[in-house]
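Encoded as structure tokens, the structure appears first; notes follow it.
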Amino acid sequence: MLQKLKQRTVNAARLSRSLIALQLIASGSILLLGAGGWHAPVNAETKSVQAPSKAPAPSALLDFLKQMDAAASRKDFNETMKFYGPSFKHADGLDSKSLGEALKNFWQQTQSIQYQTQINTWKAQGPDQYSLETTTTIQGIQKAADRDMKLTSTVRSRITMANQTLTSQEILGEQTLLTTGIKPPV
């Protein structure tokens, strides 16, 4: 019984990590917010990745991520989901449908949201097929009871793309900070 409870806790933590990443996340998350002011950094495990590519990323990849970030920052659900392929799979078990549901829920909790993704490394896997390591910064304001909470999340992901859609994502590391008040603790 205790083992099953531990496994459920681990699975819930993995799902939570995935949801915070919602940007490609939208890369997204469902955040459980406590009442009152608090400062809550969360660090996920970090996995090793290959050395950075020397060549700059193709402009098509940069444009793709810029357009995806813009759609997610506008909370344009239909436009954002166009960036995910129908067979999209997340390492933590999400597919495009469950990712979309989590994204809607996350956006309902935020008054404003801003996504910015940069490419750390990239590798061509074939014609119009790429493997990327990205860092996405998500900033937003969430309402909790009578307080605004500032969300700042940085998520490192490994994603694969084919034919201008995301086909898979794995979270490599993340840090999330929620603050409230005029002078939150550092």
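Labels used: A, B, ... for chains in the order of the structure tokens, numbers from 1 for residues in each chain, and numbers from 1 for ligands as shown.
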Just the helix (DSSP H, G or I) stuff from range 96-126 of chain A, please, per backbone DSSP, written as a ChimeraX atom specification. /A:96-108
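Across A:Gln114, A:Gln67, A:Ser131, A:Ser168, the tightest approach to Gly93 in chain A is made by A:Ser168 when counting only C-alpha atoms.
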So, with only C-alpha atoms as the atoms that count, which of A:Gln125, A:Thr165, A:Thr110, A:Ser87 lies closest to Asp148 in chain A?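 Smallest distance to Asp148 in chain A is found for A:Thr110.
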Need to verify the contact set: Pro58 in chain A, 12 Å, only C-alpha atoms, exclusion of same-chain residues closer than 2 positions in sequence. Can you return it as a list in words? Ser53, Ala55, Pro56, Ala60, Leu61, Leu62, Asp63, Phe64, Leu65, Ile119, Thr121, Trp122, Lys123, Ala124, Asp128, Gln129, Tyr130 and Leu132 of chain A
Taking the DSSP assignment computed from this structure's backbone, write out as number ranges by chain all residues of range 65-162 of chain A that belong to strand (DSSP E). A: 84-90, 110-126, 129-144, 147-162
Sorted by chain and rising residue number, list the residues of range 71-90 of chain A at most 12 Å from range 151-159 of chain A (counting only C-alpha atoms), each with its closest atom pair and distance in Å to one decimal, as a tab-separated table.
residue	atom	partner	partner_atom	distance
A:Tyr84	CA	A:Ile159	CA	11.0
A:Phe88	CA	A:Ile159	CA	10.2
A:Lys89	CA	A:Ile159	CA	10.0
A:His90	CA	A:Ile159	CA	9.0
Between A:Pro185, A:Lys143, A:Asp69, A:Glu174, which one has atoms that come closest to Tyr115 in chain A, using only C-alpha atoms? A:Asp69
Please, what distance in Å, to one decimal, runs between CA of Asn163 in chain A and CA of Ile138 in chain A?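 Pair CA of Asn163 in chain A / CA of Ile138 in chain A returns 25.6 Å.
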From the set A:Lys104, A:Pro86, A:Ala57, A:Glu170, which residue has the shortest atom-to-atom contact distance to Ala72 in chain A, counting only C-alpha atoms? A:Lys104
Write out as a PyMOL selection string which residues come within 12 Å of Gly85 in chain A when counting only C-alpha atoms, dropping same-chain ones fewer than 6 positions away. chain A and resi 24+95-97+99-100+160-169
